[in-house]
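A.B. asks: My structure is stored as final.cif, with mmCIF, C-alpha atoms.
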```cif
data_entry
#
loop_
_atom_site.label_atom_id
_atom_site.label_comp_id
_atom_site.auth_asym_id
_atom_site.auth_seq_id
_atom_site.Cartn_x
_atom_site.Cartn_y
_atom_site.Cartn_z
CA MET A 536 27.51 23.77 -9.25
CA LYS A 537 24.91 22.79 -11.84
CA SER A 538 23.16 19.48 -11.31
CA ALA A 539 25.48 16.80 -12.67
CA PHE A 540 22.65 14.45 -13.54
CA PRO A 541 20.47 14.84 -16.62
CA ARG A 542 16.78 14.90 -15.67
CA ALA A 543 14.38 13.19 -18.07
CA ALA A 544 12.07 16.22 -17.93
CA ALA A 545 14.86 18.51 -19.19
CA SER A 546 14.77 16.69 -22.54
CA GLY A 547 10.97 16.43 -22.62
CA MET A 548 10.96 12.75 -21.70
CA ALA A 549 8.61 11.22 -19.15
CA GLY A 550 8.79 7.85 -17.44
CA CYS A 551 5.38 6.14 -17.54
CA HIS A 552 3.86 5.78 -14.08
CA THR A 553 2.37 2.40 -14.84
CA CYS A 554 4.89 0.56 -17.00
CA GLY A 555 8.07 2.60 -16.59
CA LYS A 556 8.74 3.16 -20.30
CA VAL A 557 10.45 6.47 -21.05
CA SER A 558 8.83 8.31 -23.97
CA PRO A 559 8.56 11.90 -25.20
CA VAL A 560 5.87 13.63 -23.16
CA SER A 561 4.49 15.19 -26.38
CA LEU A 562 2.95 11.79 -27.25
CA GLY A 563 0.38 12.40 -24.49
CA LYS A 564 -0.18 8.70 -23.92
CA CYS A 565 2.34 5.96 -23.19
CA PRO A 566 2.89 4.03 -26.46
CA ARG A 567 3.21 0.78 -24.51
CA CYS A 568 0.41 0.72 -21.92
CA GLY A 569 -1.78 3.69 -22.88
CA SER A 570 -1.54 5.54 -19.54
CA SER A 571 -1.38 9.31 -19.82
CA LEU A 572 2.13 10.79 -19.65
CA HIS A 573 3.12 13.69 -17.42
CA LEU A 574 6.48 15.23 -16.65
CA ARG A 575 5.29 15.64 -13.06
CA LYS A 576 2.14 14.49 -11.30
CA PHE A 577 -0.63 16.95 -12.08
CA ASN A 578 -1.30 19.54 -9.31
CA SER A 579 0.71 17.35 -6.95
CA ILE A 580 1.19 19.73 -4.01
CA ARG A 581 -2.37 21.11 -4.04
CA THR A 582 -3.92 17.64 -4.23
CA THR A 583 -1.68 16.38 -1.44
CA ILE A 584 -2.54 19.30 0.83
CA ALA A 585 -6.27 19.04 0.12
CA LEU A 586 -6.37 15.32 0.88
CA MET A 587 -4.27 15.83 3.98
CA LEU A 588 -6.52 18.58 5.38
CA ALA A 589 -9.52 16.31 4.89
CA ALA A 590 -7.61 13.54 6.67
CA ALA A 591 -6.70 15.89 9.54
CA ALA A 592 -10.36 16.84 10.07
CA LEU A 593 -11.36 13.17 10.12
CA TYR A 594 -8.46 12.37 12.44
CA ILE A 595 -9.95 14.64 15.11
CA ALA A 596 -13.37 13.05 14.64
CA ALA A 597 -11.85 9.57 14.75
CA ASN A 598 -10.25 10.24 18.11
CA ILE A 599 -13.31 11.84 19.73
CA LEU A 600 -16.14 9.63 18.43
CA PRO A 601 -16.48 6.04 19.70
CA ILE A 602 -15.10 3.35 17.42
CA MET A 603 -17.34 0.72 18.97
CA THR A 604 -20.13 0.29 21.49
CA VAL A 605 -20.08 -2.65 23.89
CA VAL A 606 -23.34 -3.76 25.53
CA GLU A 607 -22.53 -6.18 28.34
CA LEU A 608 -25.45 -7.47 30.46
CA GLY A 609 -27.35 -4.26 29.76
CA ASP A 610 -24.38 -2.02 30.55
CA VAL A 611 -23.57 0.23 27.61
CA SER A 612 -19.96 1.43 27.26
CA THR A 613 -18.44 3.25 24.34
CA ASN A 614 -14.84 2.67 23.32
CA THR A 615 -12.62 5.21 21.64
CA ILE A 616 -9.19 4.50 20.19
CA VAL A 617 -7.53 6.00 23.26
CA SER A 618 -9.70 4.10 25.75
CA GLY A 619 -8.82 0.84 23.97
CA ILE A 620 -5.11 1.60 24.37
CA LYS A 621 -5.62 2.52 28.04
CA THR A 622 -7.41 -0.76 28.70
CA PHE A 623 -4.54 -2.80 27.24
CA TRP A 624 -2.05 -0.71 29.22
CA ARG A 625 -3.94 -1.24 32.50
CA GLN A 626 -4.09 -4.98 31.87
CA GLY A 627 -0.33 -4.97 31.51
CA ALA A 628 -0.39 -5.85 27.80
CA TYR A 629 2.23 -3.21 27.05
CA PRO A 630 3.45 -4.46 23.65
CA ILE A 631 -0.08 -4.49 22.19
CA ALA A 632 -0.86 -1.13 23.74
CA LEU A 633 2.26 0.26 22.08
CA VAL A 634 1.46 -1.36 18.69
CA ILE A 635 -2.06 0.11 18.68
CA PHE A 636 -0.76 3.47 19.87
CA ALA A 637 1.84 3.51 17.09
CA ALA A 638 -0.56 2.35 14.37
CA SER A 639 -3.59 4.45 15.33
CA ILE A 640 -2.23 7.63 16.89
CA MET A 641 1.43 8.05 15.94
CA ILE A 642 1.57 6.90 12.32
CA PRO A 643 -1.31 9.06 10.99
CA LEU A 644 0.05 12.07 12.88
CA LEU A 645 3.64 11.55 11.74
CA LYS A 646 2.41 10.97 8.21
CA MET A 647 0.55 14.27 8.14
CA ILE A 648 3.54 16.14 9.61
CA ALA A 649 5.88 14.48 7.09
CA LEU A 650 3.62 15.30 4.14
CA THR A 651 3.32 18.93 5.26
CA TRP A 652 7.09 19.13 5.48
CA LEU A 653 7.47 17.54 2.04
CA CYS A 654 4.95 19.95 0.50
CA LEU A 655 6.67 22.97 2.08
CA ALA A 656 10.06 21.79 0.87
CA ALA A 657 8.77 21.07 -2.65
CA SER A 658 7.18 24.51 -2.92
CA GLY A 659 10.39 26.22 -1.78
CA LYS A 660 9.33 27.35 1.71
CA LEU A 661 11.77 25.01 3.43
CA LYS A 662 15.22 23.79 2.51
CA PRO A 663 14.86 20.86 0.13
CA SER A 664 17.17 18.04 1.15
CA PRO A 665 15.87 15.21 -1.04
CA GLY A 666 18.11 12.55 0.48
CA MET A 667 16.66 12.79 3.96
CA LEU A 668 13.17 13.82 2.87
CA GLY A 669 13.15 10.89 0.47
CA LYS A 670 13.62 8.49 3.35
CA ILE A 671 10.73 10.16 5.16
CA TYR A 672 8.56 9.84 2.05
CA TRP A 673 9.44 6.19 1.62
CA PHE A 674 8.73 5.57 5.30
CA THR A 675 5.28 7.21 5.17
CA GLU A 676 4.34 5.16 2.11
CA LEU A 677 5.51 1.97 3.82
CA LEU A 678 3.81 2.49 7.20
CA GLY A 679 0.52 4.05 6.16
CA ARG A 680 -1.35 0.79 5.65
CA TRP A 681 -0.68 -0.43 9.19
CA SER A 682 -3.03 2.22 10.61
CA MET A 683 -5.88 0.09 9.28
CA ILE A 684 -5.38 -2.41 12.11
CA ASP A 685 -7.90 -0.83 14.49
CA ILE A 686 -10.60 -0.94 11.82
CA PHE A 687 -9.94 -4.62 11.26
CA VAL A 688 -10.06 -5.28 15.01
CA VAL A 689 -13.46 -3.57 15.23
CA GLY A 690 -14.68 -5.67 12.31
CA ILE A 691 -13.50 -8.90 13.92
CA LEU A 692 -14.95 -8.05 17.33
CA VAL A 693 -18.30 -7.06 15.84
CA ALA A 694 -18.42 -10.33 13.93
CA LEU A 695 -17.50 -12.51 16.91
CA VAL A 696 -19.24 -10.86 19.85
CA GLN A 697 -22.93 -11.17 19.03
CA LEU A 698 -23.99 -13.08 22.15
CA GLY A 699 -27.53 -11.78 22.55
CA ASN A 700 -28.25 -10.40 26.05
CA TYR A 701 -24.86 -11.44 27.39
CA MET A 702 -22.67 -9.22 25.24
CA THR A 703 -22.89 -7.48 21.85
CA ILE A 704 -20.50 -5.12 20.06
CA THR A 705 -21.54 -2.66 17.36
CA PRO A 706 -19.28 -0.40 15.27
CA GLY A 707 -19.27 3.33 16.03
CA PRO A 708 -18.92 6.41 13.81
CA GLY A 709 -15.27 6.87 14.88
CA ALA A 710 -14.31 3.69 13.02
CA LEU A 711 -15.66 5.06 9.76
CA ALA A 712 -13.84 8.36 10.30
CA PHE A 713 -10.64 6.49 11.03
CA ALA A 714 -10.92 4.36 7.89
CA GLY A 715 -11.29 7.67 6.06
CA VAL A 716 -8.07 8.95 7.66
CA VAL A 717 -6.12 5.90 6.50
CA VAL A 718 -7.44 5.97 2.93
CA LEU A 719 -7.02 9.75 2.58
CA THR A 720 -3.45 9.82 3.94
CA MET A 721 -2.54 6.95 1.59
CA LEU A 722 -4.00 8.87 -1.36
CA ALA A 723 -2.20 12.02 -0.20
CA ALA A 724 1.15 10.20 -0.08
CA MET A 725 0.50 8.76 -3.56
CA SER A 726 -0.34 12.13 -5.07
CA PHE A 727 2.86 13.70 -3.78
CA ASP A 728 5.60 13.75 -6.44
CA PRO A 729 9.08 13.40 -4.87
CA ARG A 730 10.70 14.60 -8.13
CA LEU A 731 9.50 18.11 -7.21
CA LEU A 732 12.06 18.10 -4.37
CA TRP A 733 14.87 17.51 -6.86
CA ASP A 734 13.49 20.16 -9.22
CA ARG A 735 13.62 22.63 -6.34
CA LEU A 736 17.15 21.58 -5.45
CA ASP A 737 18.32 21.90 -9.09
CA LEU A 738 16.72 25.34 -9.28
CA LEU A 739 18.37 26.42 -6.03
CA GLU A 740 21.78 25.17 -7.12
CA SER A 741 21.62 26.82 -10.54
CA THR A 742 20.59 30.21 -9.09
CA HIS A 743 23.25 29.96 -6.37
CA SER A 744 25.96 29.08 -8.85
CA LEU A 745 25.20 32.08 -11.08
CA PRO A 746 26.78 34.79 -8.88
CA ASN A 747 29.68 32.47 -8.09
CA SER A 748 30.48 31.86 -11.74
CA SER A 749 30.36 35.59 -12.53
CA ASP A 750 32.71 36.30 -9.60
CA SER A 751 35.37 33.90 -10.75
CA MET B 86 13.53 -20.11 -19.51
CA HIS B 87 14.36 -17.16 -21.74
CA PRO B 88 16.24 -14.29 -20.14
CA TRP B 89 14.65 -10.83 -19.84
CA PRO B 90 14.16 -9.82 -23.49
CA GLN B 91 14.83 -6.33 -24.84
CA PRO B 92 11.99 -4.70 -26.79
CA GLN B 93 12.76 -3.76 -30.39
CA GLY B 94 14.31 -0.41 -31.23
CA GLY B 95 16.38 1.48 -28.76
CA PRO B 96 18.40 2.76 -27.09
CA HIS B 97 16.13 2.18 -24.10
CA TYR B 98 16.00 4.60 -21.24
CA SER B 99 15.01 4.46 -17.62
CA ALA B 100 13.98 7.50 -15.60
CA CYS B 101 14.34 7.33 -11.84
CA HIS B 102 10.82 7.45 -10.38
CA PHE B 103 12.19 9.37 -7.43
CA CYS B 104 14.54 12.03 -8.83
CA ASP B 105 13.81 11.78 -12.59
CA THR B 106 17.46 11.22 -13.58
CA LEU B 107 17.65 9.76 -17.09
CA HIS B 108 19.74 6.62 -17.56
CA GLU B 109 20.39 4.42 -20.54
CA ALA B 110 18.81 1.08 -19.61
CA SER B 111 21.14 -1.81 -20.32
CA PRO B 112 20.30 -5.48 -19.69
CA LEU B 113 21.21 -6.86 -16.27
CA VAL B 114 22.71 -10.15 -15.12
CA GLU B 115 20.16 -12.24 -13.18
CA GLY B 116 20.11 -11.42 -9.50
CA THR B 117 21.41 -7.87 -9.86
CA ALA B 118 19.72 -4.48 -9.64
CA ALA B 119 20.31 -1.18 -11.44
CA ARG B 120 20.47 1.82 -9.12
CA CYS B 121 20.08 5.52 -9.83
CA GLN B 122 23.40 7.36 -10.10
CA CYS B 123 21.93 10.42 -8.45
CA CYS B 124 19.87 9.13 -5.51
CA SER B 125 20.69 5.38 -5.54
CA ALA B 126 17.03 4.34 -5.63
CA VAL B 127 16.48 1.01 -7.43
CA LEU B 128 15.67 1.60 -11.11
CA TYR B 129 14.92 -2.00 -12.07
CA GLN B 130 16.13 -5.43 -11.08
CA ASN B 131 16.52 -8.74 -12.82
CA ARG B 132 15.13 -11.38 -10.47
CA PRO B 133 16.32 -14.97 -10.92
CA ALA B 134 13.73 -17.35 -12.46
CA SER B 135 11.24 -14.47 -12.28
CA LEU B 136 8.41 -15.87 -14.42
CA VAL B 137 8.47 -19.35 -12.90
CA ARG B 138 8.55 -17.99 -9.36
CA SER B 139 5.85 -15.37 -9.82
CA THR B 140 3.57 -17.89 -11.55
CA ALA B 141 4.15 -20.54 -8.90
CA PHE B 142 3.62 -18.23 -5.94
CA ALA B 143 0.58 -16.59 -7.56
CA LEU B 144 -0.98 -20.03 -8.08
CA THR B 145 -0.14 -21.01 -4.49
CA SER B 146 -1.76 -17.79 -3.26
CA LEU B 147 -4.96 -18.48 -5.20
CA ILE B 148 -5.20 -22.01 -3.78
CA LEU B 149 -4.57 -20.67 -0.26
CA MET B 150 -7.33 -18.10 -0.79
CA VAL B 151 -9.83 -20.94 -1.31
CA VAL B 152 -8.69 -22.51 1.98
CA VAL B 153 -8.78 -19.14 3.78
CA HIS B 154 -12.42 -18.59 2.81
CA SER B 155 -13.48 -22.15 3.66
CA PHE B 156 -12.23 -22.35 7.25
CA PRO B 157 -12.63 -19.98 10.23
CA PHE B 158 -9.83 -17.70 11.46
CA LEU B 159 -10.93 -17.77 15.06
CA VAL B 160 -13.35 -20.01 16.91
CA MET B 161 -14.91 -18.54 20.03
CA ASP B 162 -16.86 -20.37 22.73
CA ALA B 163 -18.79 -18.02 25.00
CA ALA B 164 -22.20 -18.12 26.70
CA ALA B 165 -22.80 -21.60 25.26
CA ILE B 166 -22.54 -20.20 21.74
CA ARG B 167 -19.82 -21.19 19.29
CA THR B 168 -18.97 -18.40 16.83
CA ASN B 169 -16.73 -18.83 13.78
CA LEU B 170 -14.92 -15.90 12.27
CA THR B 171 -14.31 -15.79 8.54
CA LEU B 172 -13.57 -12.79 6.32
CA ALA B 173 -17.08 -13.06 4.88
CA SER B 174 -18.74 -13.21 8.30
CA ALA B 175 -16.73 -10.21 9.55
CA SER B 176 -17.80 -8.00 6.67
CA ALA B 177 -21.37 -9.32 6.78
CA ALA B 178 -21.53 -8.44 10.49
CA LEU B 179 -20.26 -4.91 9.84
CA ILE B 180 -22.87 -4.40 7.12
CA ARG B 181 -25.64 -5.82 9.34
CA GLU B 182 -24.63 -3.75 12.37
CA GLY B 183 -24.92 -0.47 10.51
CA SER B 184 -21.52 0.14 8.92
CA PRO B 185 -21.89 -0.94 5.28
CA ILE B 186 -18.92 1.20 4.19
CA LEU B 187 -16.59 -0.48 6.70
CA GLY B 188 -17.82 -3.89 5.55
CA ILE B 189 -17.03 -3.00 1.94
CA VAL B 190 -13.62 -1.54 2.91
CA LEU B 191 -12.76 -4.76 4.74
CA VAL B 192 -13.68 -6.95 1.75
CA LEU B 193 -11.92 -4.60 -0.66
CA PHE B 194 -8.56 -4.58 1.14
CA THR B 195 -8.41 -8.20 2.30
CA VAL B 196 -10.28 -10.14 -0.40
CA VAL B 197 -10.64 -8.18 -3.65
CA THR B 198 -7.19 -6.56 -3.82
CA PRO B 199 -5.22 -9.76 -3.05
CA LEU B 200 -7.39 -11.57 -5.62
CA ILE B 201 -6.66 -8.96 -8.31
CA LEU B 202 -2.98 -9.09 -7.44
CA ALA B 203 -2.51 -12.87 -7.37
CA GLY B 204 -5.01 -13.60 -10.14
CA GLY B 205 -3.55 -10.86 -12.32
CA LEU B 206 -0.02 -12.07 -11.79
CA LEU B 207 -0.99 -15.61 -12.80
CA TYR B 208 -3.02 -14.38 -15.77
CA VAL B 209 -0.12 -12.28 -17.08
CA CYS B 210 2.92 -14.40 -16.16
CA LEU B 211 1.70 -17.88 -17.12
CA PRO B 212 1.13 -17.02 -20.84
CA LEU B 213 4.39 -15.02 -20.83
CA MET B 214 6.27 -18.23 -20.01
CA PHE B 215 5.26 -19.36 -23.51
CA GLY B 216 5.93 -15.93 -25.00
CA ARG B 217 2.25 -15.06 -25.32
CA VAL B 218 -0.06 -12.34 -24.06
CA ALA B 219 -3.45 -13.42 -22.70
CA PRO B 220 -6.42 -11.41 -24.05
CA GLY B 221 -6.58 -8.17 -22.09
CA GLY B 222 -3.16 -8.85 -20.59
CA PHE B 223 -2.14 -5.19 -20.75
CA PHE B 224 -5.32 -4.11 -19.00
CA VAL B 225 -4.83 -6.71 -16.26
CA ALA B 226 -1.16 -5.76 -15.77
CA LYS B 227 -2.16 -2.11 -15.35
CA TRP B 228 -4.76 -2.79 -12.67
CA MET B 229 -2.48 -5.23 -10.93
CA SER B 230 0.12 -2.55 -10.30
CA LYS B 231 -2.55 -0.05 -9.24
CA SER B 232 -3.97 -2.45 -6.64
CA GLU B 233 -0.62 -3.31 -5.06
CA PRO B 234 -0.49 -0.69 -2.25
CA TRP B 235 -4.04 -1.58 -1.16
CA ASN B 236 -3.28 -5.18 -0.33
CA MET B 237 -3.59 -5.34 3.47
CA ILE B 238 -3.56 -9.02 4.38
CA GLU B 239 -0.63 -8.68 6.79
CA VAL B 240 -2.40 -5.83 8.59
CA PHE B 241 -5.52 -7.97 8.95
CA LEU B 242 -3.41 -10.81 10.31
CA LEU B 243 -2.08 -8.56 13.08
CA GLY B 244 -5.67 -7.43 13.67
CA VAL B 245 -6.71 -11.04 14.28
CA LEU B 246 -3.93 -11.38 16.88
CA VAL B 247 -4.97 -8.20 18.68
CA SER B 248 -8.63 -9.33 18.69
CA LEU B 249 -7.63 -12.66 20.16
CA LEU B 250 -5.87 -10.90 23.02
CA LYS B 251 -8.87 -8.61 23.56
CA LEU B 252 -11.31 -11.50 23.70
CA ASN B 253 -9.17 -13.81 25.81
CA LYS B 254 -10.64 -12.19 28.94
CA VAL B 255 -14.28 -12.82 28.05
CA ALA B 256 -14.26 -16.06 26.13
CA ASP B 257 -12.42 -19.18 25.08
CA VAL B 258 -10.89 -18.29 21.72
CA HIS B 259 -8.56 -20.30 19.54
CA PHE B 260 -7.09 -20.18 16.05
CA GLY B 261 -8.73 -22.03 13.18
CA LEU B 262 -7.20 -23.42 9.99
CA GLY B 263 -8.16 -20.17 8.24
CA PHE B 264 -5.69 -18.24 10.37
CA TRP B 265 -2.72 -20.46 9.52
CA SER B 266 -3.54 -20.54 5.82
CA PHE B 267 -3.90 -16.75 5.91
CA ALA B 268 -0.42 -16.48 7.43
CA ALA B 269 0.86 -18.73 4.61
CA LEU B 270 -1.04 -16.59 2.09
CA MET B 271 0.72 -13.48 3.40
CA VAL B 272 4.14 -15.06 2.80
CA SER B 273 3.22 -16.46 -0.60
CA MET B 274 1.73 -13.15 -1.79
CA ALA B 275 4.84 -11.27 -0.72
CA ALA B 276 7.01 -13.81 -2.55
CA ALA B 277 4.85 -13.60 -5.70
CA VAL B 278 5.00 -9.80 -5.84
CA ALA B 279 8.74 -9.70 -5.09
CA ALA B 280 9.52 -12.42 -7.66
CA ILE B 281 9.30 -10.21 -10.74
CA ASP B 282 10.11 -6.59 -11.52
CA ARG B 283 7.30 -4.46 -12.96
CA HIS B 284 9.59 -3.33 -15.80
CA GLU B 285 10.35 -6.93 -16.71
CA ILE B 286 6.63 -7.78 -16.97
CA TRP B 287 6.05 -4.83 -19.28
CA ASP B 288 9.14 -5.47 -21.42
CA ARG B 289 8.05 -9.09 -21.83
CA LEU B 290 4.48 -8.02 -22.68
CA GLU B 291 5.81 -5.62 -25.30
CA VAL B 292 8.06 -8.27 -26.86
CA ALA B 293 5.34 -10.95 -26.80
CA LYS B 294 2.85 -8.66 -28.52
CA SER B 295 5.14 -7.59 -31.35
#
```
Could I get this structure in the form of structure tokens?
C.D. replies:
Amino acid sequence: MKSAFPRAAASGMAGCHTCGKVSPVSLGKCPRCGSSLHLRKFNSIRTTIALMLAAAALYIAANILPIMTVVELGDVSTNTIVSGIKTFWRQGAYPIALVIFAASIMIPLLKMIALTWLCLAASGKLKPSPGMLGKIYWFTELLGRWSMIDIFVVGILVALVQLGNYMTITPGPGALAFAGVVVLTMLAAMSFDPRLLWDRLDLLESTHSLPNSSDS
Amino acid sequence: MHPWPQPQGGPHYSACHFCDTLHEASPLVEGTAARCQCCSAVLYQNRPASLVRSTAFALTSLILMVVVHSFPFLVMDAAAIRTNLTLASASAALIREGSPILGIVLVLFTVVTPLILAGGLLYVCLPLMFGRVAPGGFFVAKWMSKSEPWNMIEVFLLGVLVSLLKLNKVADVHFGLGFWSFAALMVSMAAAVAAIDRHEIWDRLEVAKS
């Protein structure tokens, strides 16, 4: 069965990324808003994978290095993301512990797994099922920003807890690494082009239908 | 208020941003949305009273931003010191304590991006109500849509709540007016962005310019 839906790219038309106007890609620039026109995002899969690998490296650093240092009455203690979650859990603040765990540990990890899956499917190494994968893509784009919460908490604590000898909090290198993870995974999700999944599906269906049509 | 105008020429097309299926774009009745025939993603939607709503909520957001930056989010009493938290003091503290990049990131995602978004929306939509394009309107509209995913005020709001719970053990912390106006800002920003479809803004800009 050949794809029943006409793709814009098949007739050399491209929808502008900024303003949505559909114009012939041969124009080079969108006649309405001046953004450059592409049939597909340029080097989408490679860019996505590169950004994601950088994010994965920073993710390890973010979880090992302290995100903040607390000096309380001369006692120095370093906090990592995991130790912060453990503290909330021990205090019985389970909902907050779960929110932080989801935002800081789960979401970045799930996002990287999802993007890897999407890239593999778009490059033909896995079965492309755009319906389900599309939901995953939409979900990763929606949730990514929430990982920033730990960075904001560090910022707020550093600003508030400057009580001289009694207690001071300073940001640690892990916080910077984690901010990098959030920004890089967001950029990775943006550079992925979901239309590649449909291209792959169309290709698969047209090659599968060839032997069938010659049989009948 | 004029309905969503059609730019000159035609037929007009719409390509699904998700699966690239080409559709002929016909005008919609207010309050309805056009969906892709292939993957049922939303192609474009005609929001009711779009220009009035986006202008009103963008203006509300800008006013709330002034309040947000004038009053503290949290007020903490500990060790005989009263500390006020504002967005400016949080980023200043990060810069002072050796993380300038984090300070800049904080300001960028909670102050600059919402300002570009709300200010841009007002700058573009208010003149459009009178069928005009403000100078540089196309440029502003472009950057407005680019900044949208980086607006993180709701994330910061949750961050304030978590910080409050963390500090409750060591100090007496309570919410300031800044926190409540920030919560209102979150709602009003969401309403402003959802009030008008990107395609409608650009169609109106194109018509107003010609």
A.B. asks: Please, which residues of chain A lie no more than 8 Å from chain B when the count uses all atoms listed in the file, and can they be set out as a PyMOL selection string?
C.D. replies: chain A and resi 540-544+549-550+553-557+567-568+631+666+680-681+683-688+690-695+698+701+705-706+710-711+714+728-730+732-733
A.B. asks: For the residues in that selection, give me C-alpha atoms as a JSON list (two decimals), in the coordinates of the input.
C.D. replies:
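After the write, selection14.json holds the following:
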```json
[["chain", "number", "residue", "atom", "x", "y", "z"],
["A", 540, "PHE", "CA", 22.65, 14.45, -13.54],
["A", 541, "PRO", "CA", 20.47, 14.84, -16.62],
["A", 542, "ARG", "CA", 16.78, 14.90, -15.67],
["A", 543, "ALA", "CA", 14.38, 13.19, -18.07],
["A", 544, "ALA", "CA", 12.07, 16.22, -17.93],
["A", 549, "ALA", "CA", 8.61, 11.22, -19.15],
["A", 550, "GLY", "CA", 8.79, 7.85, -17.44],
["A", 553, "THR", "CA", 2.37, 2.40, -14.84],
["A", 554, "CYS", "CA", 4.89, 0.56, -17.00],
["A", 555, "GLY", "CA", 8.07, 2.60, -16.59],
["A", 556, "LYS", "CA", 8.74, 3.16, -20.30],
["A", 557, "VAL", "CA", 10.45, 6.47, -21.05],
["A", 567, "ARG", "CA", 3.21, 0.78, -24.51],
["A", 568, "CYS", "CA", 0.41, 0.72, -21.92],
["A", 631, "ILE", "CA", -0.08, -4.49, 22.19],
["A", 666, "GLY", "CA", 18.11, 12.55, 0.48],
["A", 680, "ARG", "CA", -1.35, 0.79, 5.65],
["A", 681, "TRP", "CA", -0.68, -0.43, 9.19],
["A", 683, "MET", "CA", -5.88, 0.09, 9.28],
["A", 684, "ILE", "CA", -5.38, -2.41, 12.11],
["A", 685, "ASP", "CA", -7.90, -0.83, 14.49],
["A", 686, "ILE", "CA", -10.60, -0.94, 11.82],
["A", 687, "PHE", "CA", -9.94, -4.62, 11.26],
["A", 688, "VAL", "CA", -10.06, -5.28, 15.01],
["A", 690, "GLY", "CA", -14.68, -5.67, 12.31],
["A", 691, "ILE", "CA", -13.50, -8.90, 13.92],
["A", 692, "LEU", "CA", -14.95, -8.05, 17.33],
["A", 693, "VAL", "CA", -18.30, -7.06, 15.84],
["A", 694, "ALA", "CA", -18.42, -10.33, 13.93],
["A", 695, "LEU", "CA", -17.50, -12.51, 16.91],
["A", 698, "LEU", "CA", -23.99, -13.08, 22.15],
["A", 701, "TYR", "CA", -24.86, -11.44, 27.39],
["A", 705, "THR", "CA", -21.54, -2.66, 17.36],
["A", 706, "PRO", "CA", -19.28, -0.40, 15.27],
["A", 710, "ALA", "CA", -14.31, 3.69, 13.02],
["A", 711, "LEU", "CA", -15.66, 5.06, 9.76],
["A", 714, "ALA", "CA", -10.92, 4.36, 7.89],
["A", 728, "ASP", "CA", 5.60, 13.75, -6.44],
["A", 729, "PRO", "CA", 9.08, 13.40, -4.87],
["A", 730, "ARG", "CA", 10.70, 14.60, -8.13],
["A", 732, "LEU", "CA", 12.06, 18.10, -4.37],
["A", 733, "TRP", "CA", 14.87, 17.51, -6.86]]
```
A.B. asks: Pick out the closest residue to Pro92 of chain B from this set: B:Leu213, B:Val292, B:Val153, B:Leu200. Count all atoms listed in the file.
C.D. replies: B:Val292
A.B. asks: With all atoms listed in the file as the atoms that count, which of B:Pro199, B:Arg132, B:Ser139, B:Leu113 lies nearest to Leu211 of chain B?
C.D. replies: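 Counting all atoms listed in the file, the residue closest to Leu211 of chain B is B:Ser139.
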A.B. asks: Written as a list in words, what is the full residue list that the PyMOL selection byres ((chain A and resi 571) around 12) yields on the file shown?
C.D. replies: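 Here the PyMOL selection byres ((chain A and resi 571) around 12) matches Ala549, Gly550, Cys551, His552, Thr553, Cys554, Lys556, Ser558, Pro559, Val560, Ser561, Leu562, Gly563, Lys564, Cys565, Pro566, Arg567, Cys568, Gly569, Ser570, Leu572, His573, Leu574, Arg575, Lys576 and Phe577 of chain A.
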A.B. asks: Go ahead and find all residues with at least one atom no further than 12 Å from (-18.7, -1.8, 27.4) in the file's coordinates, using only C-alpha atoms; report them as a list in words.
C.D. replies: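 Residues lying no farther than 12 Å from the given point: Pro601, Ile602, Met603, Thr604, Val605, Val606, Glu607, Leu608, Gly609, Asp610, Val611, Ser612, Thr613, Asn614, Thr615, Ser618, Gly619, Thr622, Val696, Tyr701, Met702, Thr703, Ile704 and Thr705 of chain A; Val255 of chain B.
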